[in-house]
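Asks: What follows is protein.cif, made up of mmCIF, C-alpha atoms:
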```cif
data_upload
loop_
_atom_site.label_atom_id
_atom_site.label_comp_id
_atom_site.auth_asym_id
_atom_site.auth_seq_id
_atom_site.Cartn_x
_atom_site.Cartn_y
_atom_site.Cartn_z
CA MET A 14 34.35 42.72 24.87
CA SER A 15 33.39 46.23 23.84
CA ARG A 16 30.72 46.97 21.32
CA PHE A 17 33.39 48.16 18.91
CA THR A 18 35.30 44.89 19.28
CA ASN A 19 32.08 42.98 18.68
CA LEU A 20 31.48 44.93 15.51
CA VAL A 21 34.98 44.23 14.26
CA VAL A 22 34.58 40.51 14.93
CA VAL A 23 31.24 40.36 13.17
CA LEU A 24 32.55 42.29 10.18
CA SER A 25 35.60 40.05 9.97
CA LEU A 26 33.44 36.94 10.03
CA ALA A 27 31.18 38.38 7.36
CA ALA A 28 34.19 39.18 5.20
CA CYS A 29 35.51 35.64 5.58
CA GLU A 30 32.11 34.21 4.71
CA THR A 31 31.82 36.43 1.63
CA ALA A 32 35.27 35.51 0.47
CA ALA A 33 34.90 31.82 1.16
CA PRO A 34 34.77 29.61 -1.89
CA THR A 35 31.45 28.11 -2.77
CA GLN A 36 30.85 24.84 -1.03
CA SER A 37 31.11 21.73 -3.08
CA ALA A 38 27.88 20.03 -3.95
CA PRO A 39 26.57 17.81 -1.18
CA VAL A 40 26.14 14.13 -1.73
CA PHE A 41 22.38 14.31 -1.37
CA PRO A 42 20.09 13.23 -2.85
CA GLU A 43 20.37 9.66 -3.91
CA PRO A 44 19.06 8.71 -7.32
CA ALA A 45 15.46 7.60 -7.40
CA SER A 46 16.40 3.97 -7.76
CA LYS A 47 18.45 4.14 -4.60
CA ILE A 48 15.71 5.87 -2.70
CA GLU A 49 13.45 3.00 -3.46
CA ALA A 50 16.00 0.56 -2.22
CA THR A 51 16.50 2.32 1.11
CA LYS A 52 12.91 3.01 1.96
CA ALA A 53 11.58 2.53 5.44
CA PRO A 54 10.07 -0.81 6.34
CA GLU A 55 6.55 0.06 5.37
CA PRO A 56 6.95 2.80 2.84
CA PRO A 57 4.60 3.94 0.15
CA ALA A 58 5.43 1.52 -2.59
CA ALA A 59 6.51 2.26 -6.08
CA ILE A 60 8.08 5.60 -6.71
CA ALA A 61 8.35 6.81 -10.20
CA GLU A 62 6.29 4.62 -12.40
CA VAL A 63 3.65 3.31 -10.09
CA ALA A 64 2.01 4.91 -7.14
CA PRO A 65 2.79 3.66 -3.66
CA ALA A 66 1.22 0.72 -1.97
CA PRO A 67 0.67 1.90 1.54
CA ALA A 68 -2.84 3.06 1.78
CA PRO A 69 -5.41 0.84 3.38
CA ALA A 70 -8.42 0.27 1.19
CA VAL A 71 -10.49 3.28 2.00
CA ALA A 72 -13.59 3.90 0.02
CA PRO A 73 -13.89 7.52 -1.09
CA VAL A 74 -16.40 9.36 1.00
CA LYS A 75 -18.14 12.64 0.58
CA PRO A 76 -16.33 15.54 2.21
CA LYS A 77 -17.69 16.48 5.57
CA ALA A 78 -19.70 19.63 5.83
CA VAL A 79 -17.66 22.57 7.02
CA PRO A 80 -18.87 23.69 10.43
CA LYS A 81 -20.48 27.06 10.66
CA LYS A 82 -18.06 29.85 11.19
CA THR A 83 -18.19 31.53 14.51
CA VAL A 84 -16.80 34.82 13.34
CA ALA A 85 -17.82 37.21 10.63
CA PRO A 86 -16.45 36.14 7.25
CA GLU A 87 -13.85 38.14 5.42
CA PRO A 88 -15.10 40.15 2.47
CA ALA A 89 -15.36 37.94 -0.59
CA PRO A 90 -12.26 37.99 -2.77
CA VAL A 91 -12.49 39.22 -6.30
CA ALA A 92 -13.80 36.55 -8.60
CA ILE A 93 -12.50 36.30 -12.10
CA ASP A 94 -14.85 34.21 -14.09
CA GLY A 95 -14.49 31.13 -12.04
CA ARG A 96 -15.97 29.94 -8.83
CA ILE A 97 -14.98 30.96 -5.40
CA GLY A 98 -15.78 29.22 -2.20
CA GLU A 99 -16.38 25.76 -3.56
CA GLY A 100 -14.87 22.77 -1.91
CA LYS A 101 -12.69 24.02 0.87
CA GLY A 102 -12.51 27.59 -0.28
CA ALA A 103 -9.98 27.55 -3.04
CA TYR A 104 -10.34 29.47 -6.24
CA TYR A 105 -10.58 27.31 -9.30
CA PRO A 106 -10.70 28.47 -12.88
CA PRO A 107 -13.75 27.41 -14.85
CA GLY A 108 -13.86 23.72 -15.52
CA CYS A 109 -10.71 23.05 -13.59
CA ARG A 110 -10.27 22.33 -9.94
CA PRO A 111 -6.70 21.39 -9.31
CA GLY A 112 -6.38 18.66 -6.78
CA SER A 113 -4.83 20.46 -3.93
CA ARG A 114 -4.91 20.05 -0.24
CA MET A 115 -3.96 23.63 0.36
CA MET A 116 -7.18 24.43 2.12
CA CYS A 117 -7.39 21.21 4.02
CA ARG A 118 -7.47 21.54 7.73
CA TRP A 119 -7.75 18.82 10.27
CA ARG A 120 -11.48 18.33 10.34
CA GLU A 121 -11.77 19.37 13.96
CA ASP A 122 -9.90 22.59 13.24
CA VAL A 123 -11.72 23.94 10.22
CA ASP A 124 -12.09 27.56 11.10
CA GLU A 125 -12.47 31.05 9.81
CA ARG A 126 -8.91 31.00 8.47
CA VAL A 127 -9.97 28.76 5.61
CA VAL A 128 -9.92 31.45 3.00
CA PRO A 129 -9.02 31.41 -0.67
CA ARG A 130 -5.27 31.71 -0.98
CA VAL A 131 -5.14 32.55 -4.67
CA THR A 132 -7.33 35.35 -5.94
CA LYS A 133 -7.26 37.78 -8.78
CA LYS A 134 -6.22 41.31 -7.98
CA PRO A 135 -8.80 43.91 -8.91
CA SER A 136 -8.03 45.47 -12.26
CA PRO A 137 -6.94 49.12 -12.09
CA GLU A 138 -10.23 50.20 -13.68
CA THR A 139 -12.29 48.32 -11.08
CA ALA A 140 -10.16 49.65 -8.27
CA THR A 141 -10.63 53.28 -9.28
CA GLU A 142 -14.34 53.04 -9.98
CA SER A 143 -16.47 55.19 -7.76
CA PRO A 144 -19.03 53.37 -5.63
CA MET B 23 3.47 36.19 -1.85
CA ILE B 24 7.03 35.04 -1.38
CA GLU B 25 9.96 36.99 -2.81
CA LEU B 26 12.61 34.72 -4.28
CA ALA B 27 15.22 37.30 -5.21
CA THR B 28 17.74 38.82 -2.81
CA ASP B 29 20.49 41.42 -3.09
CA VAL B 30 22.33 39.83 -0.20
CA ARG B 31 25.04 37.63 -1.64
CA LEU B 32 25.45 35.64 1.52
CA LEU B 33 21.77 34.73 1.59
CA SER B 34 21.74 33.83 -2.08
CA ARG B 35 24.46 31.29 -1.37
CA PHE B 36 22.07 29.49 0.97
CA VAL B 37 19.54 29.44 -1.86
CA ASP B 38 22.18 27.91 -4.10
CA ASP B 39 22.99 25.34 -1.43
CA LEU B 40 19.34 24.39 -1.24
CA GLY B 41 19.18 24.05 -5.01
CA ARG B 42 22.01 21.52 -4.92
CA THR B 43 19.84 19.14 -2.89
CA ALA B 44 17.47 18.71 -5.85
CA PRO B 45 17.30 15.22 -7.34
CA LYS B 46 17.62 16.72 -10.82
CA PRO B 47 18.15 20.15 -12.35
CA MET B 48 15.06 22.26 -12.97
CA PRO B 49 13.76 21.59 -16.49
CA SER B 50 13.95 24.31 -19.10
CA ARG B 51 11.03 26.62 -19.69
CA PRO B 52 8.24 24.97 -21.74
CA VAL B 53 7.26 26.09 -25.23
CA LEU B 54 3.86 27.61 -24.60
CA ALA B 55 3.07 28.19 -28.28
CA ALA B 56 2.06 24.55 -28.41
CA HIS B 57 -0.76 25.12 -25.89
CA ALA B 58 -4.05 27.00 -26.08
CA THR B 59 -4.34 30.20 -24.06
CA GLU B 60 -7.14 28.66 -22.03
CA ASP B 61 -4.90 25.76 -21.06
CA VAL B 62 -2.03 28.00 -20.06
CA GLU B 63 -4.31 30.18 -17.96
CA ALA B 64 -5.84 27.20 -16.16
CA ALA B 65 -2.38 25.84 -15.48
CA ARG B 66 -1.18 29.18 -14.17
CA PHE B 67 -3.88 29.13 -11.50
CA ALA B 68 -3.34 25.49 -10.71
CA TRP B 69 0.36 26.03 -10.14
CA ALA B 70 -0.31 29.16 -8.13
CA THR B 71 -2.34 27.04 -5.71
CA ARG B 72 0.58 24.63 -5.51
CA ILE B 73 2.79 27.45 -4.25
CA SER B 74 0.49 27.70 -1.28
CA ASP B 75 0.44 23.91 -0.87
CA GLU B 76 4.19 23.64 -0.69
CA TYR B 77 4.54 26.65 1.56
CA ARG B 78 1.96 25.22 3.93
CA SER B 79 4.16 22.16 4.33
CA VAL B 80 7.14 24.40 5.13
CA ALA B 81 5.16 26.02 7.93
CA ILE B 82 3.86 22.76 9.37
CA PHE B 83 7.13 20.85 9.22
CA ALA B 84 8.89 23.83 10.79
CA GLU B 85 6.47 23.59 13.69
CA LEU B 86 7.26 19.89 13.92
CA LEU B 87 10.99 20.56 14.06
CA GLY B 88 10.45 22.95 16.96
CA LEU B 89 8.36 20.41 18.83
CA LEU B 90 10.79 17.56 18.28
CA SER B 91 13.71 19.74 19.37
CA ASP B 92 11.92 20.60 22.58
CA LEU B 93 11.18 16.91 23.13
CA GLU B 94 14.86 15.98 22.67
CA ALA B 95 14.01 13.70 19.76
CA PRO B 96 16.91 11.70 18.31
CA PHE B 97 19.35 13.70 16.18
CA PRO B 98 18.64 11.72 12.99
CA ALA B 99 14.95 12.52 13.33
CA LEU B 100 15.74 16.22 13.56
CA CYS B 101 17.97 15.92 10.50
CA ALA B 102 15.18 14.22 8.58
CA VAL B 103 12.66 16.91 9.42
CA GLN B 104 15.02 19.75 8.58
CA ARG B 105 15.59 18.11 5.20
CA LEU B 106 11.84 17.87 4.66
CA ILE B 107 11.54 21.59 5.35
CA GLY B 108 14.29 22.29 2.83
CA ASP B 109 12.61 20.13 0.22
CA GLU B 110 9.31 21.93 0.67
CA LEU B 111 11.06 25.29 0.41
CA ARG B 112 12.65 24.12 -2.82
CA HIS B 113 9.25 22.97 -4.08
CA THR B 114 7.89 26.41 -3.26
CA GLN B 115 10.64 27.92 -5.36
CA MET B 116 9.94 25.48 -8.21
CA THR B 117 6.21 26.19 -8.25
CA VAL B 118 6.87 29.94 -8.29
CA GLU B 119 9.11 29.40 -11.31
CA VAL B 120 6.44 27.36 -13.08
CA VAL B 121 3.90 30.16 -12.52
CA ASP B 122 6.44 32.54 -14.06
CA TRP B 123 6.79 30.24 -17.07
CA LEU B 124 3.04 30.32 -17.48
CA GLY B 125 2.71 34.09 -17.40
CA GLY B 126 3.60 35.17 -13.90
CA SER B 127 1.63 36.16 -10.88
CA SER B 128 1.55 39.95 -11.11
CA ASP B 129 -2.24 39.93 -11.39
CA LEU B 130 -2.71 37.37 -8.62
CA GLU B 131 -2.91 37.72 -4.90
CA ILE B 132 -1.23 34.70 -3.35
CA ASP B 133 -1.72 34.84 0.38
CA LEU B 134 0.84 32.78 2.27
CA ARG B 135 0.37 34.38 5.67
CA ASP B 136 -0.57 32.23 8.61
CA VAL B 137 -0.81 29.19 6.38
CA GLY B 138 0.18 26.58 8.95
CA LEU B 139 -2.02 24.67 11.33
CA PRO B 140 -4.19 26.49 13.83
CA PRO B 141 -2.38 27.10 17.12
CA ARG B 142 -1.96 24.16 19.45
CA ARG B 143 -4.63 24.02 22.09
CA ALA B 144 -3.61 24.26 25.71
CA SER B 145 -4.94 20.75 26.29
CA GLU B 146 -2.70 19.25 23.62
CA THR B 147 0.80 18.29 24.74
CA PRO B 148 3.84 18.97 22.54
CA ALA B 149 4.33 15.21 22.09
CA ALA B 150 0.74 14.70 20.99
CA ARG B 151 0.95 17.61 18.60
CA ALA B 152 4.17 16.23 17.13
CA LEU B 153 2.58 12.81 16.70
CA ARG B 154 -0.48 14.30 15.03
CA ILE B 155 1.69 16.17 12.55
CA VAL B 156 3.80 13.12 11.77
CA ALA B 157 0.84 10.77 11.37
CA ARG B 158 -1.60 13.08 9.62
CA GLU B 159 0.58 15.45 7.64
CA ILE B 160 3.56 13.29 6.76
CA VAL B 161 2.41 9.68 6.75
CA VAL B 162 -1.12 10.18 5.43
CA GLY B 163 -0.76 13.56 3.72
CA GLU B 164 2.45 12.84 1.88
CA GLU B 165 1.40 9.31 0.95
CA GLU B 166 -1.84 10.52 -0.52
CA SER B 167 -0.15 13.33 -2.37
CA ILE B 168 2.03 10.69 -4.02
CA PHE B 169 -1.09 9.24 -5.65
CA ALA B 170 -2.27 12.67 -6.73
CA LEU B 171 1.13 13.75 -8.03
CA ALA B 172 1.58 10.48 -9.89
CA ALA B 173 -1.82 10.99 -11.51
CA TYR B 174 -0.94 14.55 -12.52
CA ARG B 175 2.44 13.43 -13.75
CA ASN B 176 0.87 10.69 -15.85
CA ALA B 177 -1.66 13.11 -17.32
CA THR B 178 0.90 15.78 -18.16
CA THR B 179 2.36 15.68 -21.64
CA ASP B 180 4.47 18.83 -21.59
CA PRO B 181 8.03 17.62 -20.89
CA ALA B 182 9.07 20.56 -18.70
CA ILE B 183 6.00 20.46 -16.49
CA ARG B 184 6.18 16.69 -16.33
CA GLY B 185 9.80 16.99 -15.21
CA VAL B 186 8.82 19.31 -12.37
CA LEU B 187 6.07 16.96 -11.19
CA GLU B 188 8.47 14.04 -11.42
CA GLN B 189 10.97 15.81 -9.20
CA ILE B 190 8.41 16.76 -6.57
CA LEU B 191 7.05 13.22 -6.65
CA THR B 192 10.48 11.75 -6.01
CA ASP B 193 10.86 13.94 -2.93
CA GLU B 194 7.38 13.18 -1.64
CA VAL B 195 8.03 9.45 -1.76
CA ARG B 196 11.04 9.99 0.43
CA HIS B 197 8.99 12.16 2.76
CA ALA B 198 6.33 9.50 3.17
CA ALA B 199 9.00 6.93 3.97
CA ALA B 200 10.52 9.34 6.49
CA GLY B 201 7.07 9.75 8.01
CA ARG B 202 6.87 6.03 8.71
CA ALA B 203 10.27 6.12 10.39
CA LEU B 204 9.31 9.15 12.49
CA LEU B 205 6.05 7.51 13.48
CA ALA B 206 7.98 4.57 14.92
CA LEU B 207 9.69 6.94 17.36
CA PHE B 208 6.42 7.20 19.22
CA ASP B 209 6.23 3.47 19.82
CA ARG B 210 8.79 3.46 22.59
CA GLY B 211 10.19 5.34 25.54
CA GLU B 212 8.98 8.67 26.81
CA LEU B 213 7.30 9.61 23.53
CA ALA B 214 5.18 6.46 23.72
CA ARG B 215 4.19 7.15 27.30
CA ALA B 216 3.36 10.77 26.53
CA THR B 217 1.12 9.87 23.60
CA SER B 218 -0.52 6.62 24.69
CA GLU B 219 -4.04 8.06 24.62
CA LEU B 220 -3.67 9.50 21.14
CA ARG B 221 -1.94 6.42 19.77
CA ALA B 222 -4.95 4.31 20.74
CA LYS B 223 -7.19 6.23 18.38
CA LEU B 224 -4.59 7.08 15.75
CA PRO B 225 -5.44 4.30 13.24
CA GLU B 226 -9.03 5.47 13.10
CA LEU B 227 -7.97 9.09 12.79
CA MET B 228 -5.52 8.33 10.00
CA ALA B 229 -8.07 6.28 8.08
CA ALA B 230 -10.59 9.11 8.32
CA ASP B 231 -7.99 11.63 7.14
CA ARG B 232 -7.08 9.41 4.23
CA ALA B 233 -10.73 9.09 3.23
CA ASP B 234 -11.17 12.86 3.51
CA LEU B 235 -8.16 13.54 1.35
CA ARG B 236 -9.21 11.05 -1.28
CA ALA B 237 -12.68 12.51 -1.37
CA HIS B 238 -11.17 15.96 -1.80
CA TYR B 239 -8.86 14.87 -4.58
CA LEU B 240 -11.67 13.00 -6.30
CA ASP B 241 -14.00 15.94 -5.95
CA SER B 242 -11.45 18.19 -7.60
CA ALA B 243 -10.82 15.85 -10.54
CA THR B 244 -13.42 17.32 -12.84
CA GLY B 245 -11.37 17.54 -16.01
CA GLY B 246 -11.14 20.78 -17.93
CA PRO B 247 -8.40 22.82 -19.55
CA GLY B 248 -4.72 22.59 -18.77
CA ARG B 249 -4.37 18.84 -18.52
CA ALA B 250 -1.20 18.75 -20.58
CA LEU B 251 0.34 21.33 -18.25
CA GLY B 252 -0.41 19.57 -14.98
CA ALA B 253 -3.58 21.47 -14.12
CA CYS B 254 -6.42 19.00 -14.41
CA LEU B 255 -7.37 15.39 -13.88
CA GLU B 256 -10.31 13.15 -14.57
CA ARG B 257 -11.63 10.97 -11.77
CA ALA B 258 -10.48 7.92 -13.69
CA ASP B 259 -6.87 9.12 -13.47
CA LEU B 260 -6.95 8.82 -9.70
CA GLU B 261 -9.15 5.76 -9.54
CA ALA B 262 -6.83 3.90 -11.86
CA LEU B 263 -3.90 4.50 -9.54
CA TRP B 264 -5.79 3.64 -6.38
CA GLN B 265 -7.14 0.51 -8.04
CA ARG B 266 -3.71 -0.51 -9.21
CA VAL B 267 -2.36 -0.35 -5.71
CA LEU B 268 -5.25 -2.15 -4.07
CA VAL B 269 -5.26 -5.08 -6.49
#
```
Can you dump the structure from the file as structure tokens?
Replies:
Amino acid sequence: MSRFTNLVVVLSLAACETAAPTQSAPVFPEPASKIEATKAPEPPAAIAEVAPAPAPAVAPVKPKAVPKKTVAPEPAPVAIDGRIGEGKGAYYPPGCRPGSRMMCRWREDVDERVVPRVTKKPSPETATESP
Amino acid sequence: MIELATDVRLLSRFVDDLGRTAPKPMPSRPVLAAHATEDVEAARFAWATRISDEYRSVAIFAELLGLLSDLEAPFPALCAVQRLIGDELRHTQMTVEVVDWLGGSSDLEIDLRDVGLPPRRASETPAARALRIVAREIVVGEEESIFALAAYRNATTDPAIRGVLEQILTDEVRHAAAGRALLALFDRGELARATSELRAKLPELMAADRADLRAHYLDSATGGPGRALGACLERADLEALWQRVLV
């Protein structure tokens, strides 16, 4: 098939796709009540009202110390008025540290890529200030 | 940061398709006049971090789908994982919308690059990597996030934000259940043989991960502004849920 023929076929398919009516809504998902009824044998328990019942009784422990980085750290991100670098590196506004596992790594893999993911952009004034 | 909008009509239809898999429609924008500026600002940051959370799951579950495909995992397992990826993409979209409700992200840098797990080591087989992701990220990670989400949902009084948390929670429960089913795949056949060494130490590993996650969640529950908008918890909020389940 020539390149031209290929192009014609692709364009025709694209035209068909564009013109095709919108698909009807899929059956998914089941209502919450049904989900609960069809859970796997050992699922996390209650869904909406209560929390699940799976977890073995694990006493909370202190987070492990993050191993020393083996590479030079990135320049510190711009702090607003909160704290940076606490916990696993996330930025948290003052007095609020949203429970998030965004910075969690498998403990054996904590590495230099654990960096704050949400930071404040420098304000235009700060950015244009001379050193 | 992720760009939600597209000029390409064909691609936007896939976005619409994804939206139709939601358990419920997205709630309407909250009335922020009822909340103090400090609360709204705290919530804006909290929800911005959730964008990264959800996107991280997209990256990790996508890696899992690749591994399971290569391992010729059963078709239903592949279907389950592709649905998980879609759900996490939808959650990413939802959390971006919530940040927009709360003032937007134009002054924030939200770095979503390279957010997945560190690369697989040469010594780790594809089957072992897949098992680690299933056990640690889906079974333990999603189960523990159910507790955290339920605590945030219970603490949130704003109806719109509560509705968003409720929807994510519903999906996460399903994910945790799917994790248990996926984990069982490694109990038999070639996958069992290929992961026997890891499976022997998996219970200990999973318990340690669970303890780590709980410690992290507990450590972050320091109270503060934004509680009504899903931003903050007290330790008691989590402890009450954990206690309730253990009794």
Asks: Quick one: of B:Val30, B:Val156, B:Ala58, B:Cys254, who's nearest to B:Ala198, counting only C-alpha atoms?
Replies: B:Val156
Asks: What would the selection look like, as a PyMOL selection string, if the PyMOL selection byres ((chain B and resi 178-182) around 9) were run on the coordinates I just shared?
Replies: chain B and resi 48-53+173-177+183-187+248-254
Asks: Can you work out the spacing between atom CA of B:Arg112 and atom CA of B:Leu207 in Å, to one decimal?
Replies: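 Result for atom CA of B:Arg112 versus atom CA of B:Leu207: 26.7 Å, one decimal.
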Asks: Do you have the atom CA of B:Glu60-atom CA of B:Glu76 distance handy?
Replies: 24.7 Å
Asks: Could you state the separation of atom CA of B:Phe36 and atom CA of B:Gly125 in Å, given to one decimal place?
Replies: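 Result for atom CA of B:Phe36 versus atom CA of B:Gly125: 27.1 Å, one decimal.
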Asks: For this structure, which residues satisfy the selection - the PyMOL selection byres ((chain B and resi 108) around 12) - when it is evaluated on the file as given? I want them as a PyMOL selection string.
Replies: chain B and resi 36-44+76-77+79-81+83-84+87+101-107+109-115+193+197
Asks: Name the closest residue to B:Arg78 among the candidates B:Lys46, B:Arg135, B:Arg210, B:Arg66; distances are taken between atoms, counting all atoms listed in the file.
Replies: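 For B:Arg78, the nearest of the given residues is B:Arg135.
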Asks: I would like the residues chosen by the PyMOL selection byres ((chain B and resi 227-230) around 9) on the shown file; could you give them as a ChimeraX atom specification?
Replies: /A:68-69,71 /B:157-158,161-162,223-226,231-235
Asks: Looking at all atoms listed in the file, which of B:Leu86, B:Ala64, B:Ala150, B:Ala214 is the one that sits closest to chain A?
Replies: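 Looking only at the distances to chain A, the closest residue turns out to be B:Ala64.
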Asks: Pick the closest to chain A from B:Leu213, B:Ala95, B:Leu153, B:Met23: which is it, counting only C-alpha atoms?
Replies: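 That would be B:Met23, the residue with the smallest distance to chain A.
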Asks: Choose the residue, out of B:Pro98, B:Gly211, B:Pro148, B:Gly245, that has the smallest atom-to-atom separation from chain A; count all atoms listed in the file.
Replies: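 Selected residue with least distance to chain A: B:Gly245.
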Asks: Go through B:Ala222, B:Leu54, B:Ile82, B:Ala27 one by one, measure the shortest atom-to-atom distance of each to B:Pro141 using only C-alpha atoms, and give the residue with the smallest value.
Replies: B:Ile82
Asks: Since fewer atoms than expected are present, regenerate all heavy atoms for stretch 126-134 of chain B and write them as a compact mmCIF listing (two decimals), in the frame of the given file.
Replies:
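So rebuild32.txt came out as:
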```txt
# COMPACT_ATOMS: atom_id res chain seq x y z
N GLY B 126 3.32 34.38 -15.09
CA GLY B 126 3.60 35.17 -13.90
C GLY B 126 2.41 35.35 -12.98
O GLY B 126 1.30 34.88 -13.26
N SER B 127 2.66 36.03 -11.91
CA SER B 127 1.63 36.16 -10.88
C SER B 127 1.32 37.62 -10.55
O SER B 127 0.75 37.91 -9.51
CB SER B 127 2.07 35.44 -9.60
OG SER B 127 3.28 36.01 -9.13
N SER B 128 1.71 38.53 -11.45
CA SER B 128 1.55 39.95 -11.11
C SER B 128 0.08 40.32 -10.92
O SER B 128 -0.22 41.26 -10.19
CB SER B 128 2.19 40.83 -12.18
OG SER B 128 1.57 40.58 -13.42
N ASP B 129 -0.82 39.60 -11.55
CA ASP B 129 -2.24 39.93 -11.39
C ASP B 129 -2.93 39.05 -10.34
O ASP B 129 -4.15 39.05 -10.23
CB ASP B 129 -2.98 39.80 -12.74
CG ASP B 129 -2.93 38.37 -13.27
OD1 ASP B 129 -1.99 37.62 -12.88
OD2 ASP B 129 -3.82 37.99 -14.04
N LEU B 130 -2.13 38.28 -9.63
CA LEU B 130 -2.71 37.37 -8.62
C LEU B 130 -2.33 37.80 -7.22
O LEU B 130 -1.23 38.32 -6.99
CB LEU B 130 -2.22 35.93 -8.84
CG LEU B 130 -2.55 35.28 -10.18
CD1 LEU B 130 -1.96 33.88 -10.23
CD2 LEU B 130 -4.05 35.24 -10.41
N GLU B 131 -3.23 37.54 -6.32
CA GLU B 131 -2.91 37.72 -4.90
C GLU B 131 -2.70 36.32 -4.34
O GLU B 131 -3.63 35.50 -4.35
CB GLU B 131 -4.11 38.38 -4.21
CG GLU B 131 -3.80 38.99 -2.87
CD GLU B 131 -3.03 40.29 -2.98
OE1 GLU B 131 -3.55 41.27 -3.52
OE2 GLU B 131 -1.87 40.28 -2.52
N ILE B 132 -1.50 36.02 -3.93
CA ILE B 132 -1.23 34.70 -3.35
C ILE B 132 -0.88 34.91 -1.88
O ILE B 132 0.18 35.40 -1.54
CB ILE B 132 -0.08 33.98 -4.10
CG1 ILE B 132 -0.43 33.88 -5.59
CG2 ILE B 132 0.16 32.60 -3.52
CD1 ILE B 132 0.67 33.30 -6.46
N ASP B 133 -1.82 34.53 -1.05
CA ASP B 133 -1.72 34.84 0.38
C ASP B 133 -1.08 33.67 1.12
O ASP B 133 -1.69 32.60 1.26
CB ASP B 133 -3.13 35.12 0.91
CG ASP B 133 -3.12 35.46 2.39
OD1 ASP B 133 -2.03 35.58 2.96
OD2 ASP B 133 -4.22 35.60 2.96
N LEU B 134 0.12 33.86 1.58
CA LEU B 134 0.84 32.78 2.27
C LEU B 134 0.94 33.04 3.78
O LEU B 134 1.62 32.31 4.50
CB LEU B 134 2.25 32.63 1.69
CG LEU B 134 2.33 32.30 0.20
CD1 LEU B 134 3.77 32.25 -0.28
CD2 LEU B 134 1.63 30.99 -0.10
```
